[in-house]
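Down below is the structure, laid out as structure tokens.
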Amino acid sequence: MLDPEVETRPWAEQLALDDSSYRAQLAYLFDRSAFYRQKLTSAGFSSAAVAGGLADLAELPLTEKQEIRATCTPENPIGAHLCVPPTEIARIYSTSGTTGAPSYIPLTADDLDDWVAGSARSYAASGVAAGQRIVSTYNAGPFVAGAALAAFDRIGLCHIPVGTGNTDRLVQAVERLRPEAVVLTPSYAAHLVEWAAERDLDLRASSVERVLVAGEPGGGEPAFRASLEAGWGARVTEAMGIGDIGVSLWGECEEQDGMHLGARGFVHADVIDPETGEALELEDGAAGELVLTHLRHRAAPLLRFRTRDHVQVRTSPCRCGRTGPRVRCIGRTDDMLIVRGVNVFPSAVREVVSGFAPQVSGHVVVKPRAPGVKQEPPLPVNVELARGGTDDPLLAQAIRERIRDVLVVQTRVELVPWGSLRRSEYKSRLVER
Ligand SMILES: [Zn+2]
């Protein structure tokens with residue numbers, strides 16, 4: 001454990017510390033943030049004292065990414081939530097701008113230090129330790145992943161960056177430099193298993209003992225994880241963050257039962273019903289959209305920020321000794337479909353289908369027929385066969401029935417030949433319209 005005193009602190013004590021950080025953060029926002037002063041005042045909270053403490057957080061309005069973007073101007077391209085003068089900003093990351101122009105994420109030197117500290121705890125939870133070697137595959141460039149790479153230095157790892165899209169370089173680094181760990185997206189980890197099999201390379205014989213996955217949901221889905229672990233002969237753990245709040249905020253330990261909040265003390269987590277916005281109790285088994293609040297951010301703190309990540313909460317004690325709630329990400333609410341009233345995540349469909357390995361390759365694509373979220377059954381799903389697999393109507397039927405039993409949704413399963421669905425060296429697209 002990187003920071004045992006913090007990571008094993010009784011959760012009630014953590015919440016008490018967080019409450020005082022949060023009250024100070026609120027006062028800071030009223031003082032410095034044009035965005036939140038206006039937003040909170042118009043919601044009936046005229047001062048930090050009126051807004052109260054963490055126990056009253058659920059009464060404050062949620063923050064959507066779009067609201068912040070709408071305040072960007074040529075004079076202030078960062079947005080009205082910026083709280084510091086330009087001289088105090090030490091780093092500006094960008095988000096990838098999947099929904100338009102990139103948005104900018106400013107950090108002071110202290111903010112950056114908190115990001116790296118939280119990320120280091122999250123990645124260290126996987127079991128990687130000082131003195132070991134890790135191969136990374138992120139082209140950090142303008143993106144927040146750069147701070148995650150700094151976390152490897154903080155842990156004391158020997159970091160071997162190979163970047164994205166150069167599988168030969170990656171495999172050579174693994175063979176010649178013998179790292180104990182690699183870090184990559186789950187899609188790329190799966191792709192490498194196939195890539196190696198085609199070349200009669202055995203990843204299981206490599207030096208890699210730990211595969212750290214992040215960047216998209218999937219690493220925590222049991223059947224998908226099992227297929228990665230079988231292919232790599234290594235333990236797979238996942239990490240998760242969100243650019244606007246912090247990189248790799250969460251990281252899974254060796255118990256593989258949900259991600260711990262590595263950024264505890266810096267960030268507070270809540271869960272809401274994504275449909276109604278109503279706050280849910282953070283109790284064992286709760287499921288909903290993750291909402292995050294900065295506790296001691298300086299450059300541009302956010303309150304109750306909607307992450308669009310749909311998570312399941314675990315509060316049972318973890319054998320590793322880390323305290324606090326854990327989460328597993330089931331999917332992005334943006335990818336969610338509603339089929340006759342039932343919420344369906346494409347990653348959950350993939351998870352059910354993965355249970356049919358070795359008859360299937362594990363690649364799936366959901367092909368909604370109607371535009372938008374609401375769909376009429378049956379939902380079309382293309383399932384790729386394993387190499388050499390044949391189109392078997394009984395297999396398609398068995399998959400359809402299992403999806404119906406587990407996810408309570410009617411599908412139309414079409415088996416497609418091995419190699420016909422697109423592979424990704426970064427993130428997979430599980431929905432095709
Ligand atoms: Zn644990």
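Labels used: A, B, ... for chains in the order of the structure tokens, numbers from 1 for residues in each chain, and numbers from 1 for ligands as shown.
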
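Residues of protein, DNA or RNA having any atom at most 9 Å from ligand 1, counting only C-alpha atoms and all ligand atoms, are Ala125, Glu252, Cys253, Glu254, Glu255, Gln256, Asp257, Gly258, Met259, His260, Pro317, Cys318, Arg319, Cys320, Gly321, Arg322, Thr323 and Arg326 of chain A.
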
Neighbouring residues of Gly288 (chain A) were defined as those with any atom within 6 Å, considering only C-alpha atoms; residues of the same chain fewer than 4 positions away were excluded. Please report them as a ChimeraX atom specification.
/A:271-273,310-311

Kindly export the residues of the current selection with all heavy atoms, as a PDB file, in the first residue's frame.
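out38.pdb, freshly written:
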ATOM      1  N   VAL A 271     -23.688   8.740  -5.850  1.00  0.00           N
ATOM      2  CA  VAL A 271     -24.346   8.037  -6.945  1.00  0.00           C
ATOM      3  C   VAL A 271     -25.769   8.572  -7.061  1.00  0.00           C
ATOM      4  O   VAL A 271     -26.427   8.811  -6.045  1.00  0.00           O
ATOM      5  CB  VAL A 271     -24.340   6.509  -6.688  1.00  0.00           C
ATOM      6  CG1 VAL A 271     -25.197   5.779  -7.695  1.00  0.00           C
ATOM      7  CG2 VAL A 271     -22.914   5.970  -6.734  1.00  0.00           C
ATOM      8  N   ILE A 272     -26.211   8.790  -8.307  1.00  0.00           N
ATOM      9  CA  ILE A 272     -27.587   9.267  -8.527  1.00  0.00           C
ATOM     10  C   ILE A 272     -28.328   8.342  -9.485  1.00  0.00           C
ATOM     11  O   ILE A 272     -27.710   7.576 -10.230  1.00  0.00           O
ATOM     12  CB  ILE A 272     -27.620  10.696  -9.118  1.00  0.00           C
ATOM     13  CG1 ILE A 272     -26.894  10.750 -10.475  1.00  0.00           C
ATOM     14  CG2 ILE A 272     -27.018  11.719  -8.150  1.00  0.00           C
ATOM     15  CD1 ILE A 272     -27.183  12.010 -11.276  1.00  0.00           C
ATOM     16  N   ASP A 273     -29.639   8.438  -9.466  1.00  0.00           N
ATOM     17  CA  ASP A 273     -30.456   7.811 -10.495  1.00  0.00           C
ATOM     18  C   ASP A 273     -30.310   8.678 -11.749  1.00  0.00           C
ATOM     19  O   ASP A 273     -30.668   9.856 -11.723  1.00  0.00           O
ATOM     20  CB  ASP A 273     -31.918   7.796 -10.015  1.00  0.00           C
ATOM     21  CG  ASP A 273     -32.852   7.205 -11.057  1.00  0.00           C
ATOM     22  OD1 ASP A 273     -32.565   7.327 -12.263  1.00  0.00           O
ATOM     23  OD2 ASP A 273     -33.881   6.636 -10.657  1.00  0.00           O
ATOM     24  N   HIS A 310     -21.814   4.671 -15.266  1.00  0.00           N
ATOM     25  CA  HIS A 310     -22.809   3.934 -14.493  1.00  0.00           C
ATOM     26  C   HIS A 310     -22.066   2.892 -13.663  1.00  0.00           C
ATOM     27  O   HIS A 310     -21.360   2.054 -14.221  1.00  0.00           O
ATOM     28  CB  HIS A 310     -23.808   3.277 -15.446  1.00  0.00           C
ATOM     29  CG  HIS A 310     -25.105   2.949 -14.796  1.00  0.00           C
ATOM     30  ND1 HIS A 310     -26.158   3.832 -14.765  1.00  0.00           N
ATOM     31  CD2 HIS A 310     -25.518   1.855 -14.137  1.00  0.00           C
ATOM     32  CE1 HIS A 310     -27.180   3.282 -14.118  1.00  0.00           C
ATOM     33  NE2 HIS A 310     -26.816   2.078 -13.733  1.00  0.00           N
ATOM     34  N   VAL A 311     -22.212   2.980 -12.354  1.00  0.00           N
ATOM     35  CA  VAL A 311     -21.413   2.104 -11.481  1.00  0.00           C
ATOM     36  C   VAL A 311     -22.290   1.304 -10.524  1.00  0.00           C
ATOM     37  O   VAL A 311     -23.429   1.673 -10.231  1.00  0.00           O
ATOM     38  CB  VAL A 311     -20.388   2.919 -10.647  1.00  0.00           C
ATOM     39  CG1 VAL A 311     -19.408   3.646 -11.548  1.00  0.00           C
ATOM     40  CG2 VAL A 311     -21.082   3.883  -9.695  1.00  0.00           C
TER      41      VAL A 311
END

If you run DSSP on this backbone, which residues of region 267-416 of chain A come out as strand (DSSP E), and could you give them as a PDB file with N, CA, C and O atoms, in the first residue's frame?
ATOM      1  N   VAL A 267     -11.371  14.033  -3.574  1.00  0.00           N
ATOM      2  CA  VAL A 267     -12.616  13.954  -4.339  1.00  0.00           C
ATOM      3  C   VAL A 267     -13.649  13.201  -3.507  1.00  0.00           C
ATOM      4  O   VAL A 267     -13.303  12.221  -2.835  1.00  0.00           O
ATOM      5  N   HIS A 268     -14.889  13.652  -3.551  1.00  0.00           N
ATOM      6  CA  HIS A 268     -15.985  12.961  -2.872  1.00  0.00           C
ATOM      7  C   HIS A 268     -16.893  12.331  -3.928  1.00  0.00           C
ATOM      8  O   HIS A 268     -17.188  12.959  -4.938  1.00  0.00           O
ATOM      9  N   ALA A 269     -17.342  11.100  -3.666  1.00  0.00           N
ATOM     10  CA  ALA A 269     -18.156  10.376  -4.656  1.00  0.00           C
ATOM     11  C   ALA A 269     -19.584  10.180  -4.164  1.00  0.00           C
ATOM     12  O   ALA A 269     -19.812   9.896  -2.983  1.00  0.00           O
ATOM     13  N   ASP A 270     -20.524  10.345  -5.095  1.00  0.00           N
ATOM     14  CA  ASP A 270     -21.929  10.042  -4.843  1.00  0.00           C
ATOM     15  C   ASP A 270     -22.491   9.292  -6.032  1.00  0.00           C
ATOM     16  O   ASP A 270     -21.869   9.237  -7.087  1.00  0.00           O
ATOM     17  N   VAL A 271     -23.688   8.740  -5.850  1.00  0.00           N
ATOM     18  CA  VAL A 271     -24.346   8.037  -6.945  1.00  0.00           C
ATOM     19  C   VAL A 271     -25.769   8.572  -7.061  1.00  0.00           C
ATOM     20  O   VAL A 271     -26.427   8.811  -6.045  1.00  0.00           O
ATOM     21  N   ILE A 272     -26.211   8.790  -8.307  1.00  0.00           N
ATOM     22  CA  ILE A 272     -27.587   9.267  -8.527  1.00  0.00           C
ATOM     23  C   ILE A 272     -28.328   8.342  -9.485  1.00  0.00           C
ATOM     24  O   ILE A 272     -27.710   7.576 -10.230  1.00  0.00           O
ATOM     25  N   ALA A 279     -30.471  11.573  -5.606  1.00  0.00           N
ATOM     26  CA  ALA A 279     -29.310  10.955  -4.955  1.00  0.00           C
ATOM     27  C   ALA A 279     -29.696   9.592  -4.382  1.00  0.00           C
ATOM     28  O   ALA A 279     -30.785   9.425  -3.832  1.00  0.00           O
ATOM     29  N   LEU A 280     -28.789   8.604  -4.517  1.00  0.00           N
ATOM     30  CA  LEU A 280     -29.034   7.271  -3.967  1.00  0.00           C
ATOM     31  C   LEU A 280     -28.120   7.064  -2.766  1.00  0.00           C
ATOM     32  O   LEU A 280     -27.038   7.648  -2.704  1.00  0.00           O
ATOM     33  N   ALA A 287     -26.714   1.020  -7.512  1.00  0.00           N
ATOM     34  CA  ALA A 287     -26.224   1.194  -8.881  1.00  0.00           C
ATOM     35  C   ALA A 287     -26.794   2.477  -9.445  1.00  0.00           C
ATOM     36  O   ALA A 287     -27.972   2.773  -9.270  1.00  0.00           O
ATOM     37  N   GLY A 288     -25.969   3.238 -10.100  1.00  0.00           N
ATOM     38  CA  GLY A 288     -26.418   4.479 -10.705  1.00  0.00           C
ATOM     39  C   GLY A 288     -25.248   5.239 -11.292  1.00  0.00           C
ATOM     40  O   GLY A 288     -24.147   4.702 -11.412  1.00  0.00           O
ATOM     41  N   GLU A 289     -25.517   6.506 -11.645  1.00  0.00           N
ATOM     42  CA  GLU A 289     -24.470   7.319 -12.258  1.00  0.00           C
ATOM     43  C   GLU A 289     -23.572   7.920 -11.176  1.00  0.00           C
ATOM     44  O   GLU A 289     -24.055   8.460 -10.182  1.00  0.00           O
ATOM     45  N   LEU A 290     -22.281   7.832 -11.408  1.00  0.00           N
ATOM     46  CA  LEU A 290     -21.309   8.370 -10.472  1.00  0.00           C
ATOM     47  C   LEU A 290     -21.259   9.896 -10.600  1.00  0.00           C
ATOM     48  O   LEU A 290     -21.195  10.435 -11.703  1.00  0.00           O
ATOM     49  N   VAL A 291     -21.317  10.560  -9.438  1.00  0.00           N
ATOM     50  CA  VAL A 291     -21.265  12.026  -9.382  1.00  0.00           C
ATOM     51  C   VAL A 291     -20.095  12.396  -8.474  1.00  0.00           C
ATOM     52  O   VAL A 291     -19.975  11.850  -7.373  1.00  0.00           O
ATOM     53  N   LEU A 292     -19.223  13.286  -8.928  1.00  0.00           N
ATOM     54  CA  LEU A 292     -17.995  13.575  -8.181  1.00  0.00           C
ATOM     55  C   LEU A 292     -17.877  15.054  -7.822  1.00  0.00           C
ATOM     56  O   LEU A 292     -18.285  15.924  -8.602  1.00  0.00           O
ATOM     57  N   THR A 293     -17.325  15.308  -6.651  1.00  0.00           N
ATOM     58  CA  THR A 293     -17.159  16.663  -6.134  1.00  0.00           C
ATOM     59  C   THR A 293     -15.720  16.867  -5.684  1.00  0.00           C
ATOM     60  O   THR A 293     -15.195  16.048  -4.918  1.00  0.00           O
ATOM     61  N   HIS A 294     -15.096  17.922  -6.186  1.00  0.00           N
ATOM     62  CA  HIS A 294     -13.744  18.245  -5.715  1.00  0.00           C
ATOM     63  C   HIS A 294     -13.790  18.712  -4.266  1.00  0.00           C
ATOM     64  O   HIS A 294     -14.723  19.420  -3.866  1.00  0.00           O
ATOM     65  N   PHE A 305     -20.404  16.826 -10.142  1.00  0.00           N
ATOM     66  CA  PHE A 305     -20.205  16.707 -11.582  1.00  0.00           C
ATOM     67  C   PHE A 305     -20.703  15.349 -12.079  1.00  0.00           C
ATOM     68  O   PHE A 305     -20.325  14.300 -11.547  1.00  0.00           O
ATOM     69  N   ARG A 306     -21.554  15.368 -13.089  1.00  0.00           N
ATOM     70  CA  ARG A 306     -22.093  14.111 -13.653  1.00  0.00           C
ATOM     71  C   ARG A 306     -21.045  13.477 -14.557  1.00  0.00           C
ATOM     72  O   ARG A 306     -20.658  14.039 -15.573  1.00  0.00           O
ATOM     73  N   THR A 307     -20.615  12.260 -14.194  1.00  0.00           N
ATOM     74  CA  THR A 307     -19.536  11.609 -14.948  1.00  0.00           C
ATOM     75  C   THR A 307     -20.034  10.811 -16.141  1.00  0.00           C
ATOM     76  O   THR A 307     -19.247  10.446 -17.004  1.00  0.00           O
ATOM     77  N   ARG A 308     -21.346  10.470 -16.147  1.00  0.00           N
ATOM     78  CA  ARG A 308     -21.921   9.581 -17.188  1.00  0.00           C
ATOM     79  C   ARG A 308     -21.426   8.145 -17.047  1.00  0.00           C
ATOM     80  O   ARG A 308     -21.694   7.317 -17.913  1.00  0.00           O
ATOM     81  N   ASP A 309     -20.681   7.857 -15.982  1.00  0.00           N
ATOM     82  CA  ASP A 309     -20.278   6.468 -15.730  1.00  0.00           C
ATOM     83  C   ASP A 309     -21.324   5.815 -14.838  1.00  0.00           C
ATOM     84  O   ASP A 309     -21.677   6.343 -13.790  1.00  0.00           O
ATOM     85  N   HIS A 310     -21.814   4.671 -15.266  1.00  0.00           N
ATOM     86  CA  HIS A 310     -22.809   3.934 -14.493  1.00  0.00           C
ATOM     87  C   HIS A 310     -22.066   2.892 -13.663  1.00  0.00           C
ATOM     88  O   HIS A 310     -21.360   2.054 -14.221  1.00  0.00           O
ATOM     89  N   VAL A 311     -22.212   2.980 -12.354  1.00  0.00           N
ATOM     90  CA  VAL A 311     -21.413   2.104 -11.481  1.00  0.00           C
ATOM     91  C   VAL A 311     -22.290   1.304 -10.524  1.00  0.00           C
ATOM     92  O   VAL A 311     -23.429   1.673 -10.231  1.00  0.00           O
ATOM     93  N   GLN A 312     -21.701   0.208 -10.052  1.00  0.00           N
ATOM     94  CA  GLN A 312     -22.275  -0.557  -8.939  1.00  0.00           C
ATOM     95  C   GLN A 312     -21.388  -0.319  -7.726  1.00  0.00           C
ATOM     96  O   GLN A 312     -20.169  -0.293  -7.863  1.00  0.00           O
ATOM     97  N   VAL A 313     -22.009  -0.167  -6.568  1.00  0.00           N
ATOM     98  CA  VAL A 313     -21.263   0.164  -5.347  1.00  0.00           C
ATOM     99  C   VAL A 313     -21.113  -1.083  -4.476  1.00  0.00           C
ATOM    100  O   VAL A 313     -22.037  -1.884  -4.357  1.00  0.00           O
ATOM    101  N   ARG A 314     -19.929  -1.207  -3.872  1.00  0.00           N
ATOM    102  CA  ARG A 314     -19.689  -2.255  -2.873  1.00  0.00           C
ATOM    103  C   ARG A 314     -19.181  -1.575  -1.610  1.00  0.00           C
ATOM    104  O   ARG A 314     -18.259  -0.762  -1.687  1.00  0.00           O
ATOM    105  N   ARG A 326     -16.319   0.902  -2.744  1.00  0.00           N
ATOM    106  CA  ARG A 326     -15.656   0.588  -4.011  1.00  0.00           C
ATOM    107  C   ARG A 326     -16.699   0.644  -5.129  1.00  0.00           C
ATOM    108  O   ARG A 326     -17.894   0.516  -4.864  1.00  0.00           O
ATOM    109  N   VAL A 327     -16.240   0.818  -6.356  1.00  0.00           N
ATOM    110  CA  VAL A 327     -17.174   0.820  -7.480  1.00  0.00           C
ATOM    111  C   VAL A 327     -16.680  -0.090  -8.600  1.00  0.00           C
ATOM    112  O   VAL A 327     -15.475  -0.324  -8.736  1.00  0.00           O
ATOM    113  N   ARG A 328     -17.633  -0.591  -9.344  1.00  0.00           N
ATOM    114  CA  ARG A 328     -17.325  -1.258 -10.615  1.00  0.00           C
ATOM    115  C   ARG A 328     -18.133  -0.530 -11.682  1.00  0.00           C
ATOM    116  O   ARG A 328     -19.321  -0.284 -11.511  1.00  0.00           O
ATOM    117  N   CYS A 329     -17.472  -0.164 -12.775  1.00  0.00           N
ATOM    118  CA  CYS A 329     -18.183   0.564 -13.834  1.00  0.00           C
ATOM    119  C   CYS A 329     -18.853  -0.439 -14.773  1.00  0.00           C
ATOM    120  O   CYS A 329     -18.194  -1.337 -15.298  1.00  0.00           O
ATOM    121  N   ILE A 330     -20.162  -0.288 -14.952  1.00  0.00           N
ATOM    122  CA  ILE A 330     -20.904  -1.204 -15.828  1.00  0.00           C
ATOM    123  C   ILE A 330     -20.932  -0.672 -17.246  1.00  0.00           C
ATOM    124  O   ILE A 330     -21.057  -1.420 -18.201  1.00  0.00           O
ATOM    125  N   GLY A 331     -20.851   0.631 -17.404  1.00  0.00           N
ATOM    126  CA  GLY A 331     -20.866   1.210 -18.746  1.00  0.00           C
ATOM    127  C   GLY A 331     -21.071   2.700 -18.668  1.00  0.00           C
ATOM    128  O   GLY A 331     -21.230   3.256 -17.584  1.00  0.00           O
ATOM    129  N   ARG A 332     -21.047   3.329 -19.840  1.00  0.00           N
ATOM    130  CA  ARG A 332     -21.297   4.758 -19.917  1.00  0.00           C
ATOM    131  C   ARG A 332     -22.795   4.962 -20.093  1.00  0.00           C
ATOM    132  O   ARG A 332     -23.419   4.277 -20.910  1.00  0.00           O
ATOM    133  N   LEU A 337     -28.954   1.822 -23.696  1.00  0.00           N
ATOM    134  CA  LEU A 337     -30.181   1.764 -24.491  1.00  0.00           C
ATOM    135  C   LEU A 337     -31.311   1.354 -23.559  1.00  0.00           C
ATOM    136  O   LEU A 337     -31.083   0.677 -22.555  1.00  0.00           O
ATOM    137  N   ILE A 338     -32.508   1.786 -23.878  1.00  0.00           N
ATOM    138  CA  ILE A 338     -33.667   1.362 -23.089  1.00  0.00           C
ATOM    139  C   ILE A 338     -34.579   0.559 -24.016  1.00  0.00           C
ATOM    140  O   ILE A 338     -35.127   1.099 -24.971  1.00  0.00           O
ATOM    141  N   VAL A 339     -34.640  -0.744 -23.747  1.00  0.00           N
ATOM    142  CA  VAL A 339     -35.430  -1.628 -24.593  1.00  0.00           C
ATOM    143  C   VAL A 339     -36.703  -1.981 -23.836  1.00  0.00           C
ATOM    144  O   VAL A 339     -36.648  -2.707 -22.843  1.00  0.00           O
ATOM    145  N   VAL A 342     -36.348  -1.443 -20.191  1.00  0.00           N
ATOM    146  CA  VAL A 342     -35.218  -2.076 -19.490  1.00  0.00           C
ATOM    147  C   VAL A 342     -33.912  -1.419 -19.938  1.00  0.00           C
ATOM    148  O   VAL A 342     -33.656  -1.302 -21.136  1.00  0.00           O
ATOM    149  N   ASN A 343     -33.082  -0.993 -18.958  1.00  0.00           N
ATOM    150  CA  ASN A 343     -31.783  -0.394 -19.290  1.00  0.00           C
ATOM    151  C   ASN A 343     -30.807  -1.485 -19.729  1.00  0.00           C
ATOM    152  O   ASN A 343     -30.622  -2.466 -19.020  1.00  0.00           O
ATOM    153  N   VAL A 344     -30.173  -1.262 -20.881  1.00  0.00           N
ATOM    154  CA  VAL A 344     -29.219  -2.244 -21.393  1.00  0.00           C
ATOM    155  C   VAL A 344     -27.905  -1.545 -21.713  1.00  0.00           C
ATOM    156  O   VAL A 344     -27.876  -0.570 -22.469  1.00  0.00           O
ATOM    157  N   VAL A 360     -17.014 -18.390 -29.052  1.00  0.00           N
ATOM    158  CA  VAL A 360     -17.080 -17.040 -29.618  1.00  0.00           C
ATOM    159  C   VAL A 360     -15.755 -16.325 -29.343  1.00  0.00           C
ATOM    160  O   VAL A 360     -15.005 -16.710 -28.446  1.00  0.00           O
ATOM    161  N   SER A 361     -15.503 -15.259 -30.145  1.00  0.00           N
ATOM    162  CA  SER A 361     -14.239 -14.528 -29.975  1.00  0.00           C
ATOM    163  C   SER A 361     -14.318 -13.529 -28.831  1.00  0.00           C
ATOM    164  O   SER A 361     -13.292 -13.072 -28.341  1.00  0.00           O
ATOM    165  N   GLY A 362     -15.532 -13.177 -28.424  1.00  0.00           N
ATOM    166  CA  GLY A 362     -15.703 -12.152 -27.387  1.00  0.00           C
ATOM    167  C   GLY A 362     -16.031 -10.781 -27.963  1.00  0.00           C
ATOM    168  O   GLY A 362     -16.385  -9.867 -27.233  1.00  0.00           O
ATOM    169  N   HIS A 363     -15.929 -10.620 -29.290  1.00  0.00           N
ATOM    170  CA  HIS A 363     -16.275  -9.339 -29.912  1.00  0.00           C
ATOM    171  C   HIS A 363     -17.769  -9.304 -30.238  1.00  0.00           C
ATOM    172  O   HIS A 363     -18.307 -10.258 -30.805  1.00  0.00           O
ATOM    173  N   VAL A 364     -18.409  -8.219 -29.862  1.00  0.00           N
ATOM    174  CA  VAL A 364     -19.842  -8.049 -30.174  1.00  0.00           C
ATOM    175  C   VAL A 364     -20.070  -6.615 -30.641  1.00  0.00           C
ATOM    176  O   VAL A 364     -19.301  -5.717 -30.319  1.00  0.00           O
ATOM    177  N   VAL A 365     -21.156  -6.454 -31.416  1.00  0.00           N
ATOM    178  CA  VAL A 365     -21.617  -5.105 -31.757  1.00  0.00           C
ATOM    179  C   VAL A 365     -23.126  -5.092 -31.627  1.00  0.00           C
ATOM    180  O   VAL A 365     -23.807  -5.978 -32.152  1.00  0.00           O
ATOM    181  N   VAL A 366     -23.623  -4.105 -30.891  1.00  0.00           N
ATOM    182  CA  VAL A 366     -25.065  -3.919 -30.764  1.00  0.00           C
ATOM    183  C   VAL A 366     -25.488  -2.939 -31.855  1.00  0.00           C
ATOM    184  O   VAL A 366     -24.834  -1.904 -32.045  1.00  0.00           O
ATOM    185  N   LYS A 374     -34.305   4.922 -26.815  1.00  0.00           N
ATOM    186  CA  LYS A 374     -35.399   3.953 -26.676  1.00  0.00           C
ATOM    187  C   LYS A 374     -35.477   3.032 -27.892  1.00  0.00           C
ATOM    188  O   LYS A 374     -35.470   3.486 -29.024  1.00  0.00           O
ATOM    189  N   GLN A 375     -35.543   1.740 -27.609  1.00  0.00           N
ATOM    190  CA  GLN A 375     -35.552   0.737 -28.678  1.00  0.00           C
ATOM    191  C   GLN A 375     -36.689  -0.246 -28.461  1.00  0.00           C
ATOM    192  O   GLN A 375     -37.067  -0.517 -27.325  1.00  0.00           O
ATOM    193  N   LEU A 379     -33.545  -6.496 -29.925  1.00  0.00           N
ATOM    194  CA  LEU A 379     -32.376  -5.654 -30.170  1.00  0.00           C
ATOM    195  C   LEU A 379     -31.345  -6.468 -30.967  1.00  0.00           C
ATOM    196  O   LEU A 379     -30.906  -7.514 -30.508  1.00  0.00           O
ATOM    197  N   PRO A 380     -30.967  -5.987 -32.166  1.00  0.00           N
ATOM    198  CA  PRO A 380     -30.005  -6.774 -32.955  1.00  0.00           C
ATOM    199  C   PRO A 380     -28.592  -6.749 -32.351  1.00  0.00           C
ATOM    200  O   PRO A 380     -28.104  -5.686 -31.985  1.00  0.00           O
ATOM    201  N   VAL A 381     -27.995  -7.920 -32.240  1.00  0.00           N
ATOM    202  CA  VAL A 381     -26.626  -8.035 -31.709  1.00  0.00           C
ATOM    203  C   VAL A 381     -25.820  -8.948 -32.636  1.00  0.00           C
ATOM    204  O   VAL A 381     -26.246 -10.071 -32.923  1.00  0.00           O
ATOM    205  N   ASN A 382     -24.684  -8.449 -33.136  1.00  0.00           N
ATOM    206  CA  ASN A 382     -23.785  -9.306 -33.901  1.00  0.00           C
ATOM    207  C   ASN A 382     -22.742  -9.886 -32.961  1.00  0.00           C
ATOM    208  O   ASN A 382     -22.096  -9.151 -32.217  1.00  0.00           O
ATOM    209  N   VAL A 383     -22.611 -11.196 -33.004  1.00  0.00           N
ATOM    210  CA  VAL A 383     -21.662 -11.905 -32.140  1.00  0.00           C
ATOM    211  C   VAL A 383     -20.645 -12.603 -33.030  1.00  0.00           C
ATOM    212  O   VAL A 383     -21.018 -13.374 -33.918  1.00  0.00           O
ATOM    213  N   GLU A 384     -19.371 -12.323 -32.788  1.00  0.00           N
ATOM    214  CA  GLU A 384     -18.344 -12.917 -33.633  1.00  0.00           C
ATOM    215  C   GLU A 384     -17.957 -14.303 -33.139  1.00  0.00           C
ATOM    216  O   GLU A 384     -17.753 -14.513 -31.939  1.00  0.00           O
ATOM    217  N   LEU A 385     -17.861 -15.224 -34.087  1.00  0.00           N
ATOM    218  CA  LEU A 385     -17.464 -16.597 -33.755  1.00  0.00           C
ATOM    219  C   LEU A 385     -15.963 -16.659 -33.480  1.00  0.00           C
ATOM    220  O   LEU A 385     -15.205 -15.805 -33.930  1.00  0.00           O
ATOM    221  N   THR A 411     -33.249 -10.168 -27.769  1.00  0.00           N
ATOM    222  CA  THR A 411     -32.302  -9.760 -28.813  1.00  0.00           C
ATOM    223  C   THR A 411     -32.498 -10.616 -30.055  1.00  0.00           C
ATOM    224  O   THR A 411     -33.166 -11.658 -30.010  1.00  0.00           O
ATOM    225  N   ARG A 412     -31.901 -10.166 -31.162  1.00  0.00           N
ATOM    226  CA  ARG A 412     -31.791 -11.010 -32.354  1.00  0.00           C
ATOM    227  C   ARG A 412     -30.295 -11.192 -32.572  1.00  0.00           C
ATOM    228  O   ARG A 412     -29.597 -10.247 -32.925  1.00  0.00           O
ATOM    229  N   VAL A 413     -29.809 -12.391 -32.283  1.00  0.00           N
ATOM    230  CA  VAL A 413     -28.368 -12.640 -32.337  1.00  0.00           C
ATOM    231  C   VAL A 413     -27.982 -13.148 -33.716  1.00  0.00           C
ATOM    232  O   VAL A 413     -28.523 -14.140 -34.198  1.00  0.00           O
ATOM    233  N   GLU A 414     -27.060 -12.432 -34.341  1.00  0.00           N
ATOM    234  CA  GLU A 414     -26.528 -12.911 -35.615  1.00  0.00           C
ATOM    235  C   GLU A 414     -25.062 -13.271 -35.409  1.00  0.00           C
ATOM    236  O   GLU A 414     -24.270 -12.444 -34.929  1.00  0.00           O
ATOM    237  N   LEU A 415     -24.708 -14.512 -35.739  1.00  0.00           N
ATOM    238  CA  LEU A 415     -23.307 -14.934 -35.611  1.00  0.00           C
ATOM    239  C   LEU A 415     -22.562 -14.492 -36.865  1.00  0.00           C
ATOM    240  O   LEU A 415     -23.042 -14.713 -37.977  1.00  0.00           O
ATOM    241  N   VAL A 416     -21.430 -13.845 -36.684  1.00  0.00           N
ATOM    242  CA  VAL A 416     -20.643 -13.383 -37.831  1.00  0.00           C
ATOM    243  C   VAL A 416     -19.265 -14.036 -37.768  1.00  0.00           C
ATOM    244  O   VAL A 416     -18.806 -14.437 -36.689  1.00  0.00           O
TER     245      VAL A 416
END

Using 9 Å as the limit and counting only C-alpha atoms, can you tabulate each residue of region 197-228 of chain A that touches region 349-354 of chain A, with its shortest atom-to-atom distance in Å and the two atoms involved, as CSV?
residue,atom,partner,partner_atom,distance
A:Gly218,CA,A:Glu351,CA,8.1
A:Glu221,CA,A:Glu351,CA,6.2
A:Pro222,CA,A:Glu351,CA,7.4
A:Ala223,CA,A:Ser354,CA,5.6
A:Phe224,CA,A:Ser354,CA,5.9
A:Ser227,CA,A:Ser354,CA,7.8

DSSP on the backbone, alpha helix (DSSP H) only: what residues of region 81-285 of chain A does that give? Format it as a ChimeraX atom specification.
/A:109-124,145-155,167-177,186-198,222-232
